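Text of the file final-v8.txt, holding compact mmCIF, C-alpha atoms:
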# COMPACT_ATOMS: atom_id res chain seq x y z
CA MET A 527 73.46 40.87 -79.41
CA LEU A 528 75.96 42.66 -81.65
CA LEU A 529 77.03 45.00 -78.86
CA SER A 530 77.43 42.23 -76.30
CA ALA A 531 79.47 40.19 -78.79
CA ALA A 532 81.69 43.18 -79.52
CA ILE A 533 82.24 43.79 -75.80
CA ALA A 534 83.10 40.13 -75.29
CA GLY A 535 85.56 40.31 -78.17
CA PHE A 536 87.14 43.45 -76.74
CA MET A 537 87.57 41.88 -73.30
CA ALA A 538 88.96 38.63 -74.72
CA GLY A 539 91.36 40.48 -77.04
CA ALA A 540 92.52 42.82 -74.29
CA GLY A 541 93.14 39.94 -71.91
CA LEU A 542 95.47 38.31 -74.41
CA ILE A 543 97.20 41.40 -75.81
CA ILE A 544 97.87 43.30 -72.58
CA ALA A 545 99.80 40.39 -71.07
CA ILE A 546 103.49 41.31 -70.89
CA GLY A 547 105.29 40.06 -73.96
CA ALA A 548 108.30 40.67 -76.15
CA GLN A 549 106.25 42.71 -78.61
CA ASN A 550 104.91 44.98 -75.86
CA ALA A 551 108.40 45.54 -74.47
CA PHE A 552 109.60 46.58 -77.93
CA VAL A 553 106.68 48.98 -78.43
CA LEU A 554 107.28 50.52 -74.99
CA ARG A 555 110.97 51.09 -75.71
CA GLN A 556 110.31 52.71 -79.06
CA GLY A 557 107.66 54.89 -77.41
CA LEU A 558 110.12 56.03 -74.76
CA LEU A 559 112.71 56.84 -77.43
CA GLN A 560 110.01 58.57 -79.54
CA ARG A 561 111.36 57.05 -82.75
CA HIS A 562 109.15 55.54 -85.47
CA VAL A 563 106.30 55.21 -82.96
CA GLY A 564 103.55 55.55 -85.56
CA LEU A 565 105.16 52.89 -87.74
CA VAL A 566 105.55 50.50 -84.82
CA VAL A 567 102.00 51.01 -83.55
CA ALA A 568 100.51 50.62 -87.04
CA THR A 569 102.55 47.49 -87.78
CA CYS A 570 101.68 45.76 -84.50
CA THR A 571 98.00 46.71 -84.76
CA LEU A 572 97.61 45.63 -88.39
CA GLY A 573 99.53 42.42 -87.70
CA ASP A 574 97.24 41.53 -84.81
CA ILE A 575 94.11 42.45 -86.75
CA SER A 576 95.13 40.30 -89.72
CA LEU A 577 95.76 37.31 -87.45
CA ILE A 578 92.51 37.84 -85.55
CA LEU A 579 90.49 37.99 -88.78
CA CYS A 580 92.24 34.87 -90.07
CA GLY A 581 91.35 33.07 -86.85
CA ILE A 582 87.71 34.17 -87.05
CA ALA A 583 87.60 33.02 -90.68
CA GLY A 584 88.74 29.56 -89.59
CA ILE A 585 92.36 29.53 -90.71
CA GLY A 586 93.40 28.73 -87.14
CA ALA A 587 92.23 25.18 -87.77
CA VAL A 588 94.97 24.84 -90.40
CA VAL A 589 97.61 25.78 -87.82
CA GLN A 590 96.19 23.20 -85.41
CA ARG A 591 96.27 20.53 -88.10
CA TRP A 592 99.86 21.29 -89.11
CA PRO A 593 101.79 21.80 -85.85
CA ILE A 594 105.07 21.77 -87.79
CA LEU A 595 104.23 25.34 -88.81
CA LEU A 596 104.29 26.39 -85.17
CA ASP A 597 107.57 24.54 -84.65
CA GLY A 598 109.15 26.62 -87.41
CA PHE A 599 108.03 29.84 -85.72
CA ARG A 600 109.07 28.39 -82.37
CA PHE A 601 112.74 27.95 -83.27
CA GLY A 602 112.90 31.07 -85.41
CA GLY A 603 111.36 33.09 -82.60
CA ALA A 604 113.76 31.61 -80.04
CA ALA A 605 116.76 32.62 -82.18
CA PHE A 606 115.43 36.17 -82.57
CA LEU A 607 114.67 36.51 -78.84
CA LEU A 608 118.18 35.28 -78.02
CA TRP A 609 119.72 37.92 -80.28
CA TYR A 610 117.54 40.75 -78.99
CA GLY A 611 117.96 39.66 -75.36
CA LEU A 612 121.75 39.71 -75.69
CA LEU A 613 121.58 43.21 -77.18
CA ALA A 614 119.46 44.38 -74.24
CA ALA A 615 121.87 42.74 -71.79
CA ARG A 616 124.77 44.55 -73.46
CA ARG A 617 122.97 47.90 -73.17
CA ALA A 618 122.19 47.23 -69.51
CA TRP A 619 125.84 46.35 -68.81
CA ILE A 620 127.40 49.29 -70.69
CA GLY A 621 124.81 51.92 -69.81
CA GLY A 622 124.46 55.21 -71.67
CA ASP A 623 123.12 58.73 -71.57
CA ALA A 624 119.53 58.73 -70.38
CA LEU A 625 117.11 58.99 -73.32
CA ASN A 626 120.00 58.57 -75.74
CA THR A 627 120.63 55.04 -74.46
CA GLY A 628 120.35 52.66 -77.38
CA ALA A 629 120.07 55.54 -79.83
CA GLY A 630 122.52 53.92 -82.22
CA GLU A 631 120.24 50.92 -82.50
CA ALA A 632 117.09 52.99 -82.86
CA GLU A 633 118.56 55.38 -85.43
CA ARG A 634 119.37 52.67 -87.96
CA GLY A 635 116.27 53.82 -89.81
CA TRP A 636 112.66 52.92 -90.27
CA LYS A 637 113.46 49.79 -92.27
CA ALA A 638 115.40 48.21 -89.40
CA THR A 639 112.65 49.20 -86.97
CA LEU A 640 109.99 47.72 -89.25
CA ALA A 641 111.96 44.48 -89.63
CA ALA A 642 112.31 44.13 -85.84
CA CYS A 643 108.63 44.92 -85.35
CA LEU A 644 107.55 42.30 -87.90
CA ALA A 645 109.82 39.75 -86.22
CA PHE A 646 108.34 40.43 -82.79
CA THR A 647 104.85 40.14 -84.28
CA PHE A 648 105.10 37.10 -86.54
CA LEU A 649 108.00 35.05 -85.13
CA ASN A 650 106.23 34.61 -81.81
CA PRO A 651 104.34 31.30 -82.05
CA HIS A 652 102.15 32.22 -79.09
CA VAL A 653 100.54 34.99 -81.12
CA TYR A 654 99.12 32.33 -83.43
CA LEU A 655 97.82 30.31 -80.50
CA ASP A 656 96.22 33.40 -78.94
CA THR A 657 94.82 35.29 -81.92
CA MET A 658 94.13 32.61 -84.51
CA ILE A 659 93.28 29.56 -82.42
CA LEU A 660 91.98 30.83 -79.06
CA LEU A 661 90.06 33.87 -80.34
CA GLY A 662 88.96 31.88 -83.36
CA SER A 663 87.58 29.18 -81.09
CA LEU A 664 85.83 31.69 -78.84
CA SER A 665 84.20 33.33 -81.86
CA THR A 666 82.42 30.08 -82.77
CA ARG A 667 80.06 30.72 -79.85
CA TYR A 668 78.61 33.63 -81.81
CA PRO A 669 76.53 32.86 -84.91
CA GLY A 670 76.29 34.92 -88.08
CA ALA A 671 76.96 38.64 -87.83
CA THR A 672 77.65 38.47 -84.09
CA ARG A 673 80.85 36.53 -84.85
CA TRP A 674 82.20 39.51 -86.78
CA ALA A 675 81.06 41.86 -84.03
CA PHE A 676 83.21 39.74 -81.70
CA ALA A 677 86.09 40.12 -84.17
CA LEU A 678 85.57 43.89 -84.32
CA GLY A 679 85.78 44.10 -80.54
CA ALA A 680 89.01 42.07 -80.45
CA CYS A 681 90.54 44.22 -83.21
CA LEU A 682 89.55 47.39 -81.36
CA ALA A 683 91.27 46.11 -78.22
CA SER A 684 94.50 45.71 -80.20
CA LEU A 685 94.23 49.22 -81.65
CA VAL A 686 93.53 50.84 -78.27
CA TRP A 687 96.31 48.95 -76.49
CA PHE A 688 99.12 49.59 -78.94
CA CYS A 689 98.17 53.27 -79.32
CA ALA A 690 98.13 53.68 -75.53
CA LEU A 691 101.43 51.83 -75.09
CA GLY A 692 103.30 53.49 -77.95
CA PHE A 693 102.04 57.05 -77.74
CA GLY A 694 101.48 57.02 -73.97
CA ALA A 695 105.06 55.98 -73.21
CA ARG A 696 106.12 59.64 -73.38
CA LEU A 697 104.46 60.15 -70.00
CA LEU A 698 107.25 58.04 -68.50
CA GLN A 699 110.03 60.08 -70.12
CA PRO A 700 110.80 62.14 -66.96
CA LEU A 701 111.69 58.89 -65.21
CA PHE A 702 113.85 57.72 -68.09
CA ARG A 703 115.94 60.88 -68.18
CA LYS A 704 118.14 59.05 -65.68
CA PRO A 705 120.60 56.57 -67.21
CA VAL A 706 120.02 54.10 -64.38
CA ALA A 707 116.34 53.81 -65.35
CA TRP A 708 117.35 52.71 -68.86
CA ARG A 709 119.80 50.19 -67.46
CA VAL A 710 117.09 48.72 -65.23
CA LEU A 711 114.62 48.58 -68.13
CA ASP A 712 117.14 46.95 -70.45
CA GLY A 713 118.11 44.50 -67.73
CA VAL A 714 114.48 43.49 -67.23
CA VAL A 715 113.96 43.23 -71.00
CA ALA A 716 117.07 41.06 -71.33
CA ILE A 717 115.92 38.68 -68.60
CA PHE A 718 112.44 38.55 -70.09
CA MET A 719 113.58 37.93 -73.67
CA LEU A 720 116.13 35.27 -72.71
CA SER A 721 113.59 33.55 -70.46
CA LEU A 722 111.08 33.45 -73.31
CA CYS A 723 113.80 32.04 -75.56
CA VAL A 724 114.46 29.19 -73.12
CA LEU A 725 110.73 28.50 -72.68
CA LEU A 726 110.23 28.27 -76.42
CA LEU A 727 113.08 25.76 -76.72
CA VAL A 728 112.22 23.51 -73.79
CA ARG A 729 108.41 23.58 -73.80
CA PRO A 730 106.60 22.27 -76.90
CA LEU A 731 103.59 24.22 -78.12
CA HIS A 732 100.14 22.67 -77.92
Once more with this new file: its structure as structure tokens, please.
Amino acid sequence: MLLSAAIAGFMAGAGLIIAIGAQNAFVLRQGLLQRHVGLVVATCTLGDISLILCGIAGIGAVVQRWPILLDGFRFGGAAFLLWYGLLAARRAWIGGDALNTGAGEAERGWKATLAACLAFTFLNPHVYLDTMILLGSLSTRYPGATRWAFALGACLASLVWFCALGFGARLLQPLFRKPVAWRVLDGVVAIFMLSLCVLLLVRPLH
């Protein structure tokens, strides 16, 4: 029972985390640049784990009862995505020197990287819907210790995914030695971030 619950938690967590999102795009970019990768991976993983455990513990019900909390994250997240999307659009338009593209942004130091990582993690209202409410609701199917086995599986999925994305990005570095590859990536990121910004503004969260 414990093993099957853990596997179910892993599959559910992976299904939610692996979906393309602003946070994943940020982790991928930092992995390609090979700057502060450990910090980014640790921050994203610990952030997800904390939210998953809160959801399993039942705190997700508080978020459901007070939707104004999600509205605050909704508009704050939209503003952040607008800012980051415009930066990506600027990089795509100007271009740069292969793996040095965006270096000025990335070299601002670990504090700036940590701040951006925390924003991508906690200003996204969908992360609360996915980790705290959805996973929290799914965990109620498992009684007693099996509920925490489910939580362990979901947390492990987060750890495996962010480690693979952050540290595995170096395998794509040969492709990104060409400036045009960075411009394409930044263009896609810009479109994605700005689209998410619009969706957050026009579509209420439920």
Pick from A:Ile578, A:Leu529, A:Leu726, A:Ala716, whichever lies nearest to Leu613 in chain A using all atoms listed in the file: A:Ala716
Who sits within 6 Å of range 531-539 of chain A, only C-alpha atoms, same chain under 4 positions skipped, as a VMD selection string: chain A and resid 672 675 to 676 679 to 680 683
For Gly670 in chain A: contacts at 12 Å, only C-alpha atoms, fewer than 6 positions along chain excluded, given as a PyMOL selection string: chain A and resi 527-528+531+582-583+676-677
Residues within 9 Å of Arg555 in chain A, all atoms listed in the file, excluding chain neighbours under 6 positions, as a ChimeraX atom specification: /A:692,695,711
Distance criterion (only C-alpha atoms): nearest to Ser721 in chain A out of A:Leu607, A:Ala641, A:Val567, A:Cys580: A:Leu607
Selection near Gly598 in chain A, 10 Å with only C-alpha atoms, sequence-local residues under 4 positions removed, as a list in words: Pro593, Ile594, Gly602, Gly603, Leu649 and Pro651 of chain A
Among the residues A:Leu664, A:Val553, A:Ala605, A:Cys643, the one that comes closest to Cys723 in chain A [using all atoms listed in the file]: A:Ala605
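Residues in contact with Phe648 in chain A at up to 10 Å, not including ones fewer than 6 positions away on its chain and judged by only C-alpha atoms, are Gln549, Cys570, Gly573, Asp574, Leu577, Phe599, Gly602, Gly603 and Tyr654 of chain A.
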